[in-house]
Every structure is written in structure tokens, then in C-alpha cells.
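These notes concern the structure reproduced below.
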Amino acid sequence: MSRFREELWQVVAGVYDQILVHPFLTGLTDGSLPREAFRHYVVQEAHFLPDYARAQAAVAARAPDAASVRRFSAQAARTVEVEHGLVAELLAAFGLDEADARKTPAGPTTVGYSSYLVRSCALGAFPEALGALVPCYWIYARVGERLLERSSPDPLYAWWIETYGGADYQETSAEVLDLLDGLAISPDERERLLERAVMTARYEWLFWDAAWRREGWPCG
Ligand SMILES: Cc1ncc(C[n+]2csc(CCO)c2C)c(N)n1
């Protein structure tokens, strides 16, 4: 029998294919992505990742066994480190720090995506919460792996690609996939999990697209 991760990939594969051909992603590898689009992305990441850590902590709180509580708590802590490490360094490449990033409000897509994740993880049952989180890890891991084949002539973009294509991040993603494969769930829970996974994949596409469009609030 195939592992659950394969079943999950079947429902997100279509969106993943759309992500790979998005001009933000093709622009990273050929170096044509305008720096302002990347800067927009990094500033939104500075808003997004603290909420992502909250979502992970909420999953840890509703995890069914001690090993999963430990894993998600550790990953929540790790996300905060990524926020203070990778994102801070990317911001610095634009002469910005976290306080500067906070002066730009989180955009509609960032607010929508992070609110959806926190809600799914804080209010949903464990399988549903996992369904919302898994594609965040896995899509980035697969995007990183794929983009690494070509890397980028732009050193900043090449560094970003190496971070997500590199062994450390691949391992983080693999941990969560192992957990997914070990899950004992009912058909109803499975369906809800897969629904969440598709929604997350859509938001992943949208997050890159928002940076590409330099999305902001059209009012106020
Ligand atoms: C919009 C968006 N989606 C996913 C990631 C990938 N990511 C970076 S850290 C982390 C958690 C690991 O503990 C995850 C999933 C991202 N950076 N930005």
C-alpha cells in the first residue's frame, strides 16, 4: 500500500506544478526576479513566520502523543530561529531590520494565510491541523530541491535556494512526513486533512504571487 504522503501529494501536485512555473519562481533561478518583489516577499515572511510558529505550537498542544508534542514544540522554536536568522539576514540585504519590516503592514494574503493556519491548528483536530501544516514544509522542500538543480546567478537568490534545498530543511520536512505516514485516522478525518492540504497549497501559490504583484491594501 502506498504511504499517506503519496495520497496527499496527489491532491497538491496540480498547485505545485503551477508554483514551479510562476514568474516569481522562474525569476529566482534565472535571476530576473526584480529585487523589489523579493524584498516584498521577505517583509511578508517577517510577518508570517511568527504566526506560523504559533500554529506549530497549537499543533503541539493537541498532538496525541508525547513524541509529537516534543517534535512540534521543537519545530515551533526552530521557526522562531529561522525568523531571527534567515529572515533577519535577508532583510539586512535590503538594509532593513525586523522593526523596519513591521512598519509595512502584513498584506491581505499574509493575513489570510496566517489566520487560516492558526485557526486550523488551534481549533481543528490534530489530523486537520497536520493537513494544514504539512504542505508548507513539503512544498518548500520540493521547490528548494528542484530549484537547486539550476540555482541562480543572483547570490541572494542562490542562498535562499540552498537554504530550502539543503539537507537541514529536507530533514525537517521528512520528520513531518514520517509523522503523517504514521497517523491512524478515520476516512472522515482523512478527507478533512486532504481538504486542508489543498487550501494550504493554494495559499503557498498565492504568497509568491502576492510578492510578485507587490500586493498591498487597496484601501485605507
Ligand atoms: C509562506 C511560507 N511557507 C512556508 C515556508 C517554509 N518554512 C520556513 S520555516 C518553516 C517551519 C519549519 O520549522 C517552514 C514551513 C516559508 N518560509 N514561508
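Numbering starts fresh at 1 for the residues of each chain in the C-alpha cells, the chains themselves are lettered A, B, ... in the order given, and ligands are numbered from 1 as they appear.
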Enumerate as a ChimeraX atom specification the residues within 7 Å of ligand 1, counting only C-alpha atoms and all ligand atoms. /A:45,48-49,75-76,78-79,82,136-137,140,172,204,207
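For segment 10-26 of chain A, the list of residues within 6 Å, based on only C-alpha atoms and with local chain neighbours fewer than 6 positions off taken out, reads Val198, Trp205 and Trp212 of chain A.
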Backbone DSSP call of helix (DSSP H, G or I) for segment 7-209 of chain A, listed as a PyMOL selection string: chain A and resi 7-20+23-30+35-62+66-92+98-103+108-123+126-148+155-165+167-181+187-209
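Comparing the minimum interatomic distances between Leu193 of chain A and each of A:Arg5, A:Arg142, A:Arg54, A:Arg39, counting only C-alpha atoms, we find that A:Arg5 sits nearest.
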Choose the residue, out of A:Glu89, A:Asp181, A:Asp51, A:Glu36, that has the smallest atom-to-atom separation from Glu215 of chain A; count only C-alpha atoms. A:Glu36
Residues within 12 Å of Leu117 of chain A, only C-alpha atoms, excluding chain neighbours under 6 positions, as a PyMOL selection string: chain A and resi 48-59+110-111+123-124+128-136+196-197+199-201+203-204
